[in-house]
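Quick notes on the structure that follows.
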Amino acid sequence: MPRPKEFNPDAVLDKAMHVFWHKGYEATSMEDLLSAMDINRGSLYATFGDKRELFLKAMDRYCRGGGIGSGISILNQPGPALPLIRQFIDHMLEFGLSDPRRRGCLITNTVMELAPHEKDIARKVAGRLQMAEGAFFKLLTRAKQEGELAKDKDPRTLARFLVTMMQGTIVMIKAGASPEAVKQTAETALSILD
């Protein structure tokens, strides 16, 4: 009979997520993970697999719980569409600017670090960005149908633009841009919806 786990898998996965988010995949050692997660190597492998599998699980957790995951729920609310997009962008800016370590976004960081040479991870992060694009597209389509968005505006093009702007803004935050500069940039970008 196997021994029961003496740790909460969700809690230790959350700790691993924060290590990857702070250091990146390549710079994170197994020792970093074991120390942060406070479990032994055998428990890590038995519960999460190798470093790569653990990273993918940590990225999934990030997408469900913080950053994109919590923001996407804003875009799925009822009511006028364009204010929801502004609320989402404000949420993402607050999320990024309130982090004293300026870690940015785990998805954005992963795109820059791993996507060029890790095709399966590139597909996974592309899927997450497409999820955001899809949520924007749905909301912008609704805005157009309800007369909030001008008839000459293309919801698909605007959705792609918003994802690109969002990712660029996250990079600016990570690079140390001032909150004022980040907010001005986002406001200028959002004016395309007017």
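Ordering of the structure tokens sets the chain letters (A, B, ...); residue numbers start at 1 within each chain; ligands are numbered from 1 in the order shown.
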Do a neighbour search on stretch 121-128 of chain A at 12 Å with only C-alpha atoms, toss out local chain neighbours closer than 4 positions, and write the hits as a PDB file with C-alpha atoms, in the first residue's frame.
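The new file selection_30.pdb reads:
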```pdb
ATOM      1  CA  TYR A  25      12.769  27.669 -16.979  1.00  0.00           C
ATOM      2  CA  ARG A  52       9.648  19.893 -17.962  1.00  0.00           C
ATOM      3  CA  GLU A  53       6.381  18.233 -16.890  1.00  0.00           C
ATOM      4  CA  PHE A  55       6.923  23.435 -15.654  1.00  0.00           C
ATOM      5  CA  LEU A  56       3.984  22.672 -17.951  1.00  0.00           C
ATOM      6  CA  LYS A  57       1.765  21.951 -14.934  1.00  0.00           C
ATOM      7  CA  MET A  59       2.129  27.116 -16.437  1.00  0.00           C
ATOM      8  CA  ASP A  60      -1.367  25.580 -16.528  1.00  0.00           C
ATOM      9  CA  TYR A  62      -0.746  30.126 -13.690  1.00  0.00           C
ATOM     10  CA  CYS A  63      -3.247  30.330 -16.549  1.00  0.00           C
ATOM     11  CA  ARG A  64      -6.096  29.118 -14.361  1.00  0.00           C
ATOM     12  CA  GLY A  67      -2.741  36.694 -14.759  1.00  0.00           C
ATOM     13  CA  ILE A  68      -4.588  35.647 -17.888  1.00  0.00           C
ATOM     14  CA  GLY A  69      -6.914  33.248 -16.091  1.00  0.00           C
ATOM     15  CA  ILE A  72     -10.314  36.314 -18.962  1.00  0.00           C
ATOM     16  CA  CYS A 105       3.742  37.388 -17.143  1.00  0.00           C
ATOM     17  CA  LEU A 106       4.772  33.731 -17.065  1.00  0.00           C
ATOM     18  CA  ILE A 107       3.278  33.237 -20.538  1.00  0.00           C
ATOM     19  CA  THR A 108       5.144  36.221 -21.999  1.00  0.00           C
ATOM     20  CA  ASN A 109       8.362  35.189 -20.280  1.00  0.00           C
ATOM     21  CA  THR A 110       7.982  31.657 -21.625  1.00  0.00           C
ATOM     22  CA  VAL A 111       7.382  32.921 -25.171  1.00  0.00           C
ATOM     23  CA  MET A 112      10.600  34.918 -25.063  1.00  0.00           C
ATOM     24  CA  GLU A 113      12.686  32.227 -23.361  1.00  0.00           C
ATOM     25  CA  LEU A 114      11.512  28.936 -24.815  1.00  0.00           C
ATOM     26  CA  ALA A 115       9.193  29.343 -27.800  1.00  0.00           C
ATOM     27  CA  PRO A 116      11.969  29.859 -30.373  1.00  0.00           C
ATOM     28  CA  HIS A 117      13.476  26.407 -29.735  1.00  0.00           C
ATOM     29  CA  ALA A 132      -7.126  35.660 -24.966  1.00  0.00           C
ATOM     30  CA  GLU A 133      -7.624  36.660 -28.599  1.00  0.00           C
ATOM     31  CA  GLY A 134     -10.795  34.574 -28.750  1.00  0.00           C
ATOM     32  CA  ALA A 135     -12.203  36.231 -25.630  1.00  0.00           C
ATOM     33  CA  VAL A 163      -3.270  40.727 -27.385  1.00  0.00           C
ATOM     34  CA  GLN A 167       2.048  41.417 -24.277  1.00  0.00           C
TER      35      GLN A 167
END
```
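Each of A:Gln87, A:Val171, A:Ala177, A:Met165 was checked against A:Ala189 using only C-alpha atoms; the smallest atom-to-atom distance is that of A:Met165.
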Alpha helix (DSSP H) per DSSP on the backbone: members of stretch 114-167 of chain A, as a PyMOL selection string: chain A and resi 119-145+155-167
Write the residues of the preceding selection, restricted to C-alpha atoms, as an mmCIF file, in the first residue's frame.
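The resulting file, again.cif, is shown below:
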```
data_model
loop_
_atom_site.group_PDB
_atom_site.id
_atom_site.type_symbol
_atom_site.label_atom_id
_atom_site.label_comp_id
_atom_site.auth_asym_id
_atom_site.auth_seq_id
_atom_site.Cartn_x
_atom_site.Cartn_y
_atom_site.Cartn_z
ATOM 1 C CA LYS A 119 8.039 23.776 -30.392
ATOM 2 C CA ASP A 120 5.629 21.948 -28.069
ATOM 3 C CA ILE A 121 5.892 24.717 -25.483
ATOM 4 C CA ALA A 122 5.507 27.295 -28.270
ATOM 5 C CA ARG A 123 2.240 25.599 -29.266
ATOM 6 C CA LYS A 124 1.049 25.609 -25.665
ATOM 7 C CA VAL A 125 1.717 29.323 -25.117
ATOM 8 C CA ALA A 126 0.293 30.151 -28.544
ATOM 9 C CA GLY A 127 -2.864 28.388 -27.421
ATOM 10 C CA ARG A 128 -3.043 30.577 -24.327
ATOM 11 C CA LEU A 129 -2.608 33.723 -26.406
ATOM 12 C CA GLN A 130 -5.280 32.475 -28.829
ATOM 13 C CA MET A 131 -7.575 31.986 -25.847
ATOM 14 C CA ALA A 132 -7.126 35.660 -24.966
ATOM 15 C CA GLU A 133 -7.624 36.660 -28.599
ATOM 16 C CA GLY A 134 -10.795 34.574 -28.750
ATOM 17 C CA ALA A 135 -12.203 36.231 -25.630
ATOM 18 C CA PHE A 136 -11.446 39.694 -27.054
ATOM 19 C CA PHE A 137 -12.950 38.713 -30.421
ATOM 20 C CA LYS A 138 -16.175 37.466 -28.829
ATOM 21 C CA LEU A 139 -16.526 40.626 -26.785
ATOM 22 C CA LEU A 140 -15.673 42.941 -29.690
ATOM 23 C CA THR A 141 -18.177 41.113 -31.917
ATOM 24 C CA ARG A 142 -20.810 41.683 -29.253
ATOM 25 C CA ALA A 143 -19.779 45.352 -29.033
ATOM 26 C CA LYS A 144 -20.200 45.716 -32.798
ATOM 27 C CA GLN A 145 -23.608 44.008 -32.776
ATOM 28 C CA PRO A 155 -13.264 42.562 -34.297
ATOM 29 C CA ARG A 156 -10.627 39.963 -35.305
ATOM 30 C CA THR A 157 -7.973 42.567 -36.159
ATOM 31 C CA LEU A 158 -8.730 44.499 -32.967
ATOM 32 C CA ALA A 159 -8.565 41.304 -30.888
ATOM 33 C CA ARG A 160 -5.115 40.505 -32.280
ATOM 34 C CA PHE A 161 -4.010 44.086 -31.683
ATOM 35 C CA LEU A 162 -5.165 43.967 -28.044
ATOM 36 C CA VAL A 163 -3.270 40.727 -27.385
ATOM 37 C CA THR A 164 -0.142 42.222 -28.967
ATOM 38 C CA MET A 165 -0.540 45.443 -26.992
ATOM 39 C CA MET A 166 -1.097 43.503 -23.782
ATOM 40 C CA GLN A 167 2.048 41.417 -24.277
#
```
Residue with smallest distance to A:Ala81 - pool A:Glu94, A:Glu187, A:Glu26, A:Glu148, counting only C-alpha atoms: A:Glu148
From A:Val19, A:Ala150, A:Leu13, A:Ile74, residue lying nearest A:Leu44 [only C-alpha atoms]: A:Leu13
Test item: residues at most 12 Å from A:Ala11, only C-alpha atoms, excluding those fewer than 6 positions along its chain, as a list in words: Met17, His18, Ala36, Met37, Asp38, Ile39, Ala58 and Arg61 of chain A
